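Next comes model.txt, with compact mmCIF, C-alpha atoms and all ligand atoms.
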# COMPACT_ATOMS: atom_id res chain seq x y z
CA MET A 1 -5.87 -9.33 -26.75
CA ASP A 2 -3.28 -7.48 -28.81
CA GLN A 3 -0.06 -5.89 -27.59
CA GLN A 4 -1.57 -2.43 -27.39
CA GLN A 5 -4.42 -3.69 -25.20
CA TRP A 6 -2.01 -5.54 -22.90
CA THR A 7 0.19 -2.46 -22.70
CA ALA A 8 -2.78 -0.43 -21.44
CA VAL A 9 -3.64 -3.12 -18.86
CA VAL A 10 -0.05 -3.33 -17.60
CA GLU A 11 0.19 0.44 -17.46
CA ALA A 12 -2.78 0.36 -15.08
CA ALA A 13 -1.31 -2.56 -13.09
CA THR A 14 1.93 -0.67 -12.52
CA ARG A 15 0.01 2.20 -10.91
CA ALA A 16 -0.29 -0.16 -7.93
CA PRO A 17 1.29 1.03 -4.70
CA SER A 18 4.39 -0.90 -3.69
CA ILE A 19 6.61 -0.90 -0.66
CA HIS A 20 9.07 2.04 -1.08
CA ASN A 21 7.80 2.26 -4.69
CA THR A 22 10.14 -0.61 -5.55
CA GLN A 23 7.70 -1.79 -8.25
CA PRO A 24 8.90 -5.36 -7.67
CA TRP A 25 7.13 -6.88 -10.68
CA ALA A 26 7.51 -8.02 -14.26
CA PHE A 27 4.79 -9.03 -16.73
CA ARG A 28 4.54 -11.29 -19.74
CA ALA A 29 1.53 -11.15 -22.02
CA GLY A 30 0.53 -13.52 -24.78
CA GLY A 31 -2.85 -14.32 -26.30
CA ASP A 32 -5.43 -14.05 -23.51
CA ARG A 33 -2.99 -14.60 -20.66
CA LEU A 34 -0.99 -12.19 -18.55
CA GLU A 35 1.68 -13.53 -16.20
CA VAL A 36 2.66 -11.49 -13.19
CA ARG A 37 6.07 -12.27 -11.76
CA THR A 38 7.95 -10.81 -8.85
CA ASP A 39 11.37 -9.32 -9.50
CA PRO A 40 13.62 -10.49 -6.65
CA GLY A 41 16.23 -7.94 -7.77
CA ARG A 42 13.92 -5.31 -6.24
CA ALA A 43 13.62 -6.96 -2.83
CA LEU A 44 14.14 -5.05 0.41
CA HIS A 45 16.34 -7.47 2.32
CA THR A 46 16.34 -5.57 5.63
CA LEU A 47 12.78 -4.24 5.78
CA ASP A 48 11.15 -7.25 4.19
CA PRO A 49 13.37 -10.36 4.35
CA SER A 50 10.44 -12.77 3.87
CA GLY A 51 9.22 -10.88 0.78
CA ARG A 52 5.78 -10.48 2.37
CA GLN A 53 5.36 -6.78 1.53
CA ARG A 54 6.85 -7.33 -1.93
CA THR A 55 4.27 -10.07 -2.56
CA VAL A 56 1.42 -7.91 -1.20
CA SER A 57 2.55 -5.16 -3.61
CA CYS A 58 2.41 -7.59 -6.55
CA GLY A 59 -1.03 -8.73 -5.40
CA VAL A 60 -2.26 -5.16 -5.75
CA ALA A 61 -0.84 -5.03 -9.29
CA VAL A 62 -2.74 -8.24 -10.14
CA GLU A 63 -5.99 -6.70 -8.95
CA PHE A 64 -5.39 -3.42 -10.79
CA ALA A 65 -4.94 -5.50 -13.97
CA VAL A 66 -8.27 -7.26 -13.30
CA VAL A 67 -10.01 -3.93 -12.67
CA ALA A 68 -8.51 -2.40 -15.83
CA LEU A 69 -9.70 -5.41 -17.84
CA ALA A 70 -13.22 -5.15 -16.39
CA ALA A 71 -13.36 -1.43 -17.21
CA ALA A 72 -12.32 -2.30 -20.79
CA GLY A 73 -15.13 -4.86 -21.04
CA ARG A 74 -13.15 -8.06 -20.36
CA ALA A 75 -13.90 -10.69 -17.75
CA ALA A 76 -10.87 -12.41 -16.25
CA ASP A 77 -9.91 -15.32 -14.02
CA VAL A 78 -6.94 -15.20 -11.69
CA GLU A 79 -4.83 -18.19 -10.74
CA LEU A 80 -2.38 -17.56 -7.93
CA LEU A 81 1.00 -19.33 -7.86
CA PRO A 82 0.16 -21.37 -10.97
CA ASP A 83 3.48 -23.23 -11.16
CA VAL A 84 5.13 -24.71 -8.07
CA ALA A 85 8.35 -25.16 -10.04
CA ASP A 86 8.46 -21.41 -10.78
CA PRO A 87 7.99 -19.59 -7.46
CA ASP A 88 8.53 -16.08 -8.89
CA LEU A 89 5.49 -16.56 -11.11
CA LEU A 90 2.90 -15.13 -8.74
CA ALA A 91 -0.24 -15.08 -10.85
CA ALA A 92 -1.74 -15.80 -14.23
CA VAL A 93 -4.63 -13.60 -15.32
CA THR A 94 -6.68 -15.11 -18.13
CA VAL A 95 -9.26 -13.20 -20.11
CA THR A 96 -12.35 -15.40 -20.27
CA GLY A 97 -14.61 -13.30 -22.47
CA ASP A 98 -16.27 -9.97 -23.07
CA ARG A 99 -18.72 -8.34 -20.72
CA GLU A 100 -20.41 -4.97 -20.74
CA PRO A 101 -18.67 -2.83 -18.09
CA GLY A 102 -21.03 -1.50 -15.43
CA GLU A 103 -20.87 1.91 -13.80
CA ARG A 104 -18.89 0.48 -10.87
CA ASP A 105 -16.33 -1.15 -13.22
CA ARG A 106 -15.78 2.19 -14.89
CA ALA A 107 -15.54 4.09 -11.60
CA LEU A 108 -12.94 1.67 -10.24
CA GLY A 109 -11.01 1.77 -13.53
CA ASP A 110 -10.97 5.58 -13.40
CA ALA A 111 -9.78 5.47 -9.78
CA ILE A 112 -6.53 3.72 -10.78
CA ALA A 113 -5.05 6.91 -12.27
CA VAL A 114 -6.23 9.11 -9.40
CA ARG A 115 -5.22 7.00 -6.39
CA HIS A 116 -1.97 7.73 -4.68
CA THR A 117 -0.60 7.52 -1.17
CA GLU A 118 -1.64 10.64 0.70
CA ARG A 119 0.51 11.29 3.77
CA ALA A 120 -0.62 14.87 4.42
CA PRO A 121 -3.06 15.38 7.32
CA PHE A 122 -6.68 14.61 6.49
CA LEU A 123 -9.66 16.87 7.04
CA PRO A 124 -11.37 16.61 10.43
CA ARG A 125 -14.29 14.69 8.93
CA ALA A 126 -15.22 11.17 9.93
CA VAL A 127 -15.45 8.38 7.38
CA PRO A 128 -19.11 7.26 7.41
CA ALA A 129 -19.74 3.86 9.01
CA GLU A 130 -21.59 2.62 5.89
CA LEU A 131 -18.53 3.33 3.77
CA LEU A 132 -16.28 1.46 6.20
CA ASP A 133 -18.77 -1.42 6.11
CA ARG A 134 -18.59 -1.43 2.32
CA LEU A 135 -14.79 -1.52 2.36
CA GLN A 136 -14.94 -4.37 4.85
CA ALA A 137 -17.29 -6.27 2.55
CA VAL A 138 -15.02 -5.62 -0.45
CA ALA A 139 -12.07 -7.14 1.45
CA GLY A 140 -14.34 -9.93 2.69
CA ASP A 141 -15.03 -10.96 -0.92
CA PHE A 142 -11.38 -12.09 -0.96
CA ARG A 143 -11.74 -13.68 2.50
CA VAL A 144 -9.54 -10.93 3.86
CA TRP A 145 -10.80 -9.47 7.13
CA SER A 146 -10.61 -5.82 7.96
CA LYS A 147 -11.43 -3.96 11.12
CA ALA A 148 -11.36 -0.31 12.00
CA ILE A 149 -9.21 0.37 15.06
CA THR A 150 -11.76 2.29 17.04
CA GLU A 151 -11.78 0.97 20.58
CA SER A 152 -9.42 3.03 22.61
CA GLU A 153 -7.52 0.08 24.08
CA GLU A 154 -6.81 -1.27 20.59
CA GLU A 155 -5.84 2.18 19.41
CA VAL A 156 -3.45 2.71 22.31
CA ALA A 157 -1.81 -0.69 21.70
CA THR A 158 -1.49 -0.15 17.93
CA VAL A 159 -0.15 3.39 18.24
CA PHE A 160 2.35 2.18 20.83
CA LEU A 161 3.57 -0.62 18.54
CA LEU A 162 3.86 1.75 15.59
CA SER A 163 6.05 4.06 17.67
CA ARG A 164 8.04 1.11 18.97
CA ALA A 165 8.64 -0.14 15.40
CA GLU A 166 9.59 3.33 14.22
CA GLU A 167 12.07 3.53 17.09
CA ILE A 168 13.58 0.14 16.16
CA GLU A 169 13.87 1.26 12.53
CA GLN A 170 15.51 4.56 13.36
CA GLY A 171 18.13 2.70 15.38
CA GLU A 172 18.89 0.21 12.61
CA PRO A 173 21.62 1.49 10.25
CA GLU A 174 20.87 -1.15 7.60
CA TYR A 175 17.20 -0.17 7.53
CA LEU A 176 18.13 3.51 7.18
CA GLU A 177 20.64 2.75 4.46
CA GLU A 178 18.05 0.73 2.51
CA LEU A 179 15.46 3.48 2.93
CA GLN A 180 17.97 6.06 1.75
CA ARG A 181 18.67 3.96 -1.35
CA TRP A 182 14.99 4.21 -2.34
CA MET A 183 14.56 7.94 -1.66
CA ARG A 184 14.68 10.14 -4.76
CA THR A 185 15.54 13.84 -5.02
CA ASP A 186 15.28 13.82 -8.83
CA PRO A 187 11.60 14.42 -9.64
CA THR A 188 11.95 12.53 -12.93
CA ALA A 189 13.16 9.31 -11.23
CA VAL A 190 10.99 6.39 -12.35
CA ASP A 191 11.02 4.43 -9.07
CA GLY A 192 11.60 5.01 -5.37
CA ILE A 193 9.94 7.61 -3.17
CA PRO A 194 10.27 11.24 -4.27
CA VAL A 195 11.09 13.54 -1.36
CA GLY A 196 8.13 15.66 -2.45
CA ALA A 197 5.73 12.80 -1.62
CA VAL A 198 6.71 12.65 2.05
CA PRO A 199 6.26 15.33 4.68
CA ALA A 200 9.47 17.24 5.39
CA ASP A 201 8.59 17.75 9.05
CA ASP A 202 9.20 15.17 11.75
CA PRO A 203 6.09 12.91 11.83
CA SER A 204 6.37 12.58 15.61
CA THR A 205 5.65 16.30 15.99
CA ARG A 206 2.55 16.23 13.79
CA PRO A 207 -0.70 16.86 15.66
CA SER A 208 -2.11 13.43 14.97
CA ASN A 209 -2.81 10.45 17.14
CA TRP A 210 -1.20 8.18 14.47
CA LEU A 211 2.45 8.11 13.52
CA ILE A 212 3.28 7.94 9.82
CA ARG A 213 6.58 6.45 8.65
CA ASP A 214 9.53 8.84 8.80
CA PHE A 215 11.19 8.69 5.39
CA VAL A 216 13.77 11.43 5.92
CA VAL A 217 15.11 10.41 9.31
CA GLY A 218 18.83 11.00 9.53
CA SER A 219 18.89 13.25 6.47
CA ARG A 220 16.54 16.03 7.52
CA SER A 221 18.39 19.26 6.75
CA GLY A 222 18.33 22.52 8.62
CA GLY A 223 18.61 21.06 12.09
CA PRO A 224 15.73 20.55 14.46
CA VAL A 225 12.48 22.20 13.43
CA SER A 226 11.33 24.85 15.88
CA HIS A 227 7.96 24.08 17.37
CA ASP A 228 7.52 27.39 19.16
CA ARG A 229 4.00 28.53 18.51
CA ASP A 230 2.31 31.82 19.04
CA PRO A 231 0.92 31.37 22.58
CA ASP A 232 -2.29 33.15 21.53
CA ALA A 233 -2.88 30.94 18.49
CA PRO A 234 -5.50 28.21 18.91
CA PRO A 235 -3.93 24.75 19.38
CA PRO A 236 -3.62 22.86 16.07
CA GLU A 237 -6.46 20.50 15.41
CA VAL A 238 -5.43 16.91 16.15
CA GLU A 239 -5.87 14.72 13.10
CA ARG A 240 -7.93 11.62 13.83
CA PRO A 241 -7.82 9.47 10.73
CA THR A 242 -9.68 6.21 10.51
CA VAL A 243 -7.20 3.37 10.67
CA VAL A 244 -8.18 -0.01 9.28
CA LEU A 245 -6.30 -3.22 9.91
CA MET A 246 -6.53 -5.86 7.19
CA GLY A 247 -5.47 -9.47 7.66
CA THR A 248 -5.72 -13.05 6.58
CA ASP A 249 -6.23 -16.40 8.29
CA GLY A 250 -2.97 -17.80 6.87
CA ASP A 251 0.43 -16.23 6.42
CA ASP A 252 1.88 -17.82 3.30
CA ARG A 253 2.54 -16.40 -0.15
CA GLU A 254 -1.00 -17.11 -1.29
CA ALA A 255 -2.35 -15.19 1.70
CA TRP A 256 -0.02 -12.26 0.96
CA LEU A 257 -1.12 -12.14 -2.68
CA THR A 258 -4.77 -12.31 -1.66
CA ALA A 259 -4.22 -9.55 0.89
CA GLY A 260 -2.70 -7.47 -1.91
CA ARG A 261 -5.65 -8.09 -4.20
CA ALA A 262 -8.08 -7.07 -1.47
CA LEU A 263 -5.98 -4.02 -0.65
CA GLY A 264 -6.06 -3.01 -4.32
CA ARG A 265 -9.85 -3.24 -4.42
CA VAL A 266 -10.26 -1.42 -1.11
CA LEU A 267 -7.99 1.42 -2.24
CA LEU A 268 -9.88 1.86 -5.50
CA GLU A 269 -13.28 1.74 -3.80
CA ALA A 270 -12.02 4.27 -1.25
CA THR A 271 -10.65 6.54 -3.99
CA ALA A 272 -13.91 6.33 -5.95
CA ALA A 273 -15.73 7.39 -2.77
CA GLY A 274 -13.50 10.47 -2.37
CA LEU A 275 -11.23 9.07 0.34
CA ALA A 276 -7.45 9.15 0.44
CA ALA A 277 -5.23 6.58 2.13
CA SER A 278 -1.72 5.85 3.28
CA PRO A 279 -0.34 2.57 4.59
CA LEU A 280 1.26 2.63 8.05
CA THR A 281 3.14 -0.61 8.04
CA GLN A 282 6.03 -0.01 10.46
CA ALA A 283 4.46 -2.24 13.15
CA LEU A 284 4.14 -5.06 10.61
CA ASP A 285 7.74 -4.79 9.37
CA TRP A 286 9.25 -6.46 12.43
CA PRO A 287 8.30 -9.96 13.60
CA ALA A 288 8.33 -8.82 17.24
CA THR A 289 5.91 -5.89 16.84
CA ARG A 290 3.76 -7.84 14.37
CA THR A 291 3.43 -10.70 16.86
CA GLN A 292 2.67 -8.28 19.67
CA LEU A 293 -0.02 -6.65 17.55
CA ARG A 294 -1.63 -10.06 17.12
CA SER A 295 -1.65 -10.73 20.81
CA ARG A 296 -2.53 -7.21 22.06
CA LEU A 297 -5.52 -7.07 19.68
CA SER A 298 -6.38 -10.77 20.23
CA LEU A 299 -6.34 -11.30 16.47
CA VAL A 300 -7.21 -14.65 15.01
CA GLY A 301 -5.04 -14.61 11.91
CA TYR A 302 -2.26 -12.41 10.63
CA PRO A 303 -2.18 -8.64 10.13
CA GLN A 304 -1.14 -7.75 6.57
CA MET A 305 -1.86 -4.03 6.25
CA LEU A 306 -2.62 -0.99 8.40
CA LEU A 307 -4.30 1.68 6.35
CA ARG A 308 -4.86 5.30 7.34
CA LEU A 309 -8.02 6.59 5.65
CA GLY A 310 -9.65 9.99 5.51
CA TYR A 311 -10.76 12.91 3.42
CA PRO A 312 -7.85 14.71 1.77
CA SER A 313 -7.28 18.40 2.33
CA GLY A 314 -7.14 20.57 -0.81
CA ASP A 315 -3.48 20.32 -1.75
CA ARG A 316 -2.94 16.73 -2.78
CA THR A 317 0.52 15.29 -3.30
CA PRO A 318 1.33 14.67 -6.96
CA SER A 319 1.51 11.08 -8.16
CA THR A 320 4.72 9.10 -7.77
CA ASN A 321 6.38 7.97 -11.02
CA ARG A 322 6.55 4.48 -12.48
CA ARG A 323 9.02 2.75 -14.75
CA PRO A 324 7.95 2.77 -18.42
CA VAL A 325 5.76 -0.20 -19.31
CA ALA A 326 8.33 -1.31 -21.90
CA ASP A 327 10.77 -1.97 -19.03
CA VAL A 328 8.43 -4.39 -17.25
CA LEU A 329 6.37 -6.04 -20.01
CA THR A 330 7.48 -8.66 -22.49
CA PHE A 331 5.35 -10.45 -25.04
CA GLY A 332 5.45 -14.09 -25.92
C1 LIG B 1 2.92 -3.28 1.29
C2 LIG B 1 3.06 -1.78 1.31
C3 LIG B 1 3.54 -1.14 2.47
C4 LIG B 1 3.66 0.26 2.52
N1 LIG B 1 4.07 0.87 3.68
C5 LIG B 1 4.08 2.22 3.76
C6 LIG B 1 4.37 2.87 5.00
O1 LIG B 1 4.62 2.25 6.03
N2 LIG B 1 4.33 4.23 5.03
C7 LIG B 1 4.02 4.97 3.92
O2 LIG B 1 3.98 6.19 4.01
N3 LIG B 1 3.75 4.38 2.73
C8 LIG B 1 3.77 3.02 2.63
N4 LIG B 1 3.44 2.41 1.44
C9 LIG B 1 3.13 3.23 0.26
C10 LIG B 1 4.27 3.29 -0.76
O3 LIG B 1 5.35 4.04 -0.28
C11 LIG B 1 3.70 3.89 -2.05
O4 LIG B 1 2.71 3.03 -2.55
C12 LIG B 1 4.73 4.10 -3.14
O5 LIG B 1 5.67 5.06 -2.73
C13 LIG B 1 4.09 4.54 -4.47
O6 LIG B 1 3.37 5.73 -4.30
P1 LIG B 1 1.81 5.85 -4.60
O7 LIG B 1 1.09 4.87 -3.70
O8 LIG B 1 1.49 7.28 -4.27
O9 LIG B 1 1.56 5.53 -6.04
C14 LIG B 1 3.33 1.03 1.36
C15 LIG B 1 2.85 0.38 0.21
C16 LIG B 1 2.71 -1.01 0.19
C17 LIG B 1 2.16 -1.68 -1.05

Before anything else, please render the file you have as structure tokens.
Amino acid sequence: MDQQQWTAVVEAATRAPSIHNTQPWAFRAGGDRLEVRTDPGRALHTLDPSGRQRTVSCGVAVEFAVVALAAAGRAADVELLPDVADPDLLAAVTVTGDREPGERDRALGDAIAVRHTERAPFLPRAVPAELLDRLQAVAGDFRVWSKAITESEEEVATVFLLSRAEEIEQGEPEYLEELQRWMRTDPTAVDGIPVGAVPADDPSTRPSNWLIRDFVVGSRSGGPVSHDRDPDAPPPEVERPTVVLMGTDGDDREAWLTAGRALGRVLLEATAAGLAASPLTQALDWPATRTQLRSRLSLVGYPQMLLRLGYPSGDRTPSTNRRPVADVLTFG
């Protein structure tokens, strides 16, 4: 593989979603091997002190690299945590040979550029059960379990814990300060979350049974939004997205990376099938709400990702920027 080919692969890998768009990764390519490292300088010490969500984010980048290679006709092997003496080295991706890309490889490769986190309300259209089964099987290939939160008791418990976590976060000045540091008003910023990618209104007033993360809490301008509606207008349709919980049997760095790889695949399969998604990870941010989620849903294993899935309405949010590849890729 030459430098130009690796540049294209890393460009695809960096399209991975990451917590607060921190892009907590760095790559080194040489010969047939790509190393994926985590960049601890981009850690979120309050939201993610264990580095779990940072590692999940890097796991997605690993999988996007594998998908990009497959779409370019290259088979690859992935070794996770290849060097115990070098803990920031999360994965080594080795190209093992050429292979004719199939239709699915191409579709997933194309989905990398299209996928983005979609926080706007979804259309009132259910995700077909067969598609959810397929996404579950895709995650299962990585030995990552996934379950749709459909039973009302589970839904009530999960929604409650999301609200509880959101409440904890909004009362935590260090969390808010960290969030603020990663919000971007400059549309040309190459990392962080652009204000245009998050809804300006208060998520708790949105007609939805699920609560998305509030990114502008504390800095929402213009005072409280008026919710007075025309009394003759029909009530707004309540959004009912499908919410899928993904998890692993273990809860170590290997499990987090594997969860990220599975998440990457699931997101690309979902995108290729016309779905949009947004993570809802507030309840997993805090050990207390994460533990309660385990017990309230009688989970065997550890929740790693809550994903809101649905069909996007017409006006899709533009993609969020990435740092230039030259800033994250070295050769040698
Ligand atoms: C581990 C992880 C957790 C995330 N948690 C949330 C979340 O709770 N709420 C949210 O709206 N987005 C969440 N995101 C999405 C990121 O904010 C998003 O990926 C990033 O801003 C880049 O934007 P993009 O996905 O549109 O490319 C999460 C992403 C990852 C990988």

Closest pair table for chain A residues within 9 Å of ligand LIG 1 (chain B), all atoms listed in the file, as CSV:
residue,atom,partner,partner_atom,distance
A:Thr14,CA,B:LIG1,O9,9.0
A:Arg15,CA,B:LIG1,O9,6.1
A:Ala16,CA,B:LIG1,O9,6.3
A:Pro17,CA,B:LIG1,O4,3.3
A:Ser18,CA,B:LIG1,C17,3.5
A:Ile19,CA,B:LIG1,C16,4.0
A:His20,CA,B:LIG1,O3,4.3
A:Asn21,CA,B:LIG1,C12,3.9
A:Thr22,CA,B:LIG1,C12,7.6
A:Gln23,CA,B:LIG1,C13,8.2
A:Arg52,CA,B:LIG1,C1,7.8
A:Gln53,CA,B:LIG1,C1,4.3
A:Arg54,CA,B:LIG1,C1,6.5
A:Thr55,CA,B:LIG1,C1,7.9
A:Val56,CA,B:LIG1,C1,5.5
A:Ser57,CA,B:LIG1,C17,4.3
A:Cys58,CA,B:LIG1,C17,8.1
A:Gly59,CA,B:LIG1,C17,8.9
A:Val60,CA,B:LIG1,C17,7.3
A:Arg115,CA,B:LIG1,O9,6.9
A:His116,CA,B:LIG1,O8,3.5
A:Thr117,CA,B:LIG1,O8,3.7
A:Glu118,CA,B:LIG1,O8,6.8
A:Arg119,CA,B:LIG1,O2,6.2
A:Asp191,CA,B:LIG1,C13,8.3
A:Gly192,CA,B:LIG1,O5,6.5
A:Ile193,CA,B:LIG1,O5,5.0
A:Pro194,CA,B:LIG1,O5,7.9
A:Ala197,CA,B:LIG1,O8,7.4
A:Val198,CA,B:LIG1,O2,7.3
A:Ile212,CA,B:LIG1,O2,6.1
A:Arg213,CA,B:LIG1,N2,4.8
A:Asp214,CA,B:LIG1,O2,7.8
A:Phe215,CA,B:LIG1,O2,7.8
A:Gly260,CA,B:LIG1,C17,7.6
A:Leu263,CA,B:LIG1,C17,8.5
A:Gly264,CA,B:LIG1,C17,8.9
A:Ala277,CA,B:LIG1,O7,8.8
A:Ser278,CA,B:LIG1,N3,5.7
A:Pro279,CA,B:LIG1,C5,4.5
A:Leu280,CA,B:LIG1,O1,3.9
A:Thr281,CA,B:LIG1,O1,3.8
A:Gln282,CA,B:LIG1,O1,5.2
A:Ala283,CA,B:LIG1,O1,8.4
A:Leu284,CA,B:LIG1,O1,8.6
A:Asp285,CA,B:LIG1,O1,8.4
A:Gln304,CA,B:LIG1,C1,8.0
A:Met305,CA,B:LIG1,C1,6.9
A:Leu306,CA,B:LIG1,O1,8.3
A:Leu307,CA,B:LIG1,C5,8.8
A:Thr317,CA,B:LIG1,O8,8.1
A:Pro318,CA,B:LIG1,O8,7.9
A:Ser319,CA,B:LIG1,O8,5.4
A:Thr320,CA,B:LIG1,O6,5.0
A:Asn321,CA,B:LIG1,O9,7.3
A:Arg322,CA,B:LIG1,O9,8.2

Top pick for closest residue to Ala165 (chain A), considering A:Ala272, A:Ala8, A:Leu267, A:Leu211 and counting all atoms listed in the file: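 For Ala165 (chain A), the nearest of the candidates is A:Leu211.
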
- prompt: Using all atoms listed in the file, which of A:Ala91, A:Val325, A:Ala139, A:Leu81 sits nearest Gly247 (chain A)?
  reply: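 Closest to Gly247 (chain A) of all the choices is A:Ala139.
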
task: Go ahead and find all residues with at least one atom no further than 12 Å from (-6.5, -9.9, -13.6) in the file's coordinates, using all atoms listed in the file; report them as JSON, numbers by chain.
output: {"A": [6, 9, 10, 12, 13, 27, 29, 32, 33, 34, 35, 36, 58, 59, 60, 61, 62, 63, 64, 65, 66, 67, 68, 69, 70, 71, 72, 74, 75, 76, 77, 78, 79, 80, 90, 91, 92, 93, 94, 95, 96, 261, 264, 265]}

Test item: residues at most 10 Å from Val243 (chain A), only C-alpha atoms, excluding those fewer than 2 positions along its chain, as number ranges by chain: A: 147-150, 155, 158, 210, 240-241, 245-246, 277-280, 306-310

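Among A:Pro128, A:Pro287, A:Pro312, A:Pro324, the residue with the shortest atom-to-atom distance to Asp48 (chain A), counting only C-alpha atoms, is A:Pro287.
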
- prompt: Pick the closest to Ser298 (chain A) from A:Ala85, A:Val138, A:Ala120, A:Ala157: which is it, counting all atoms listed in the file?
  reply: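 Among A:Ala85, A:Val138, A:Ala120, A:Ala157, it is A:Ala157 that comes nearest to Ser298 (chain A).
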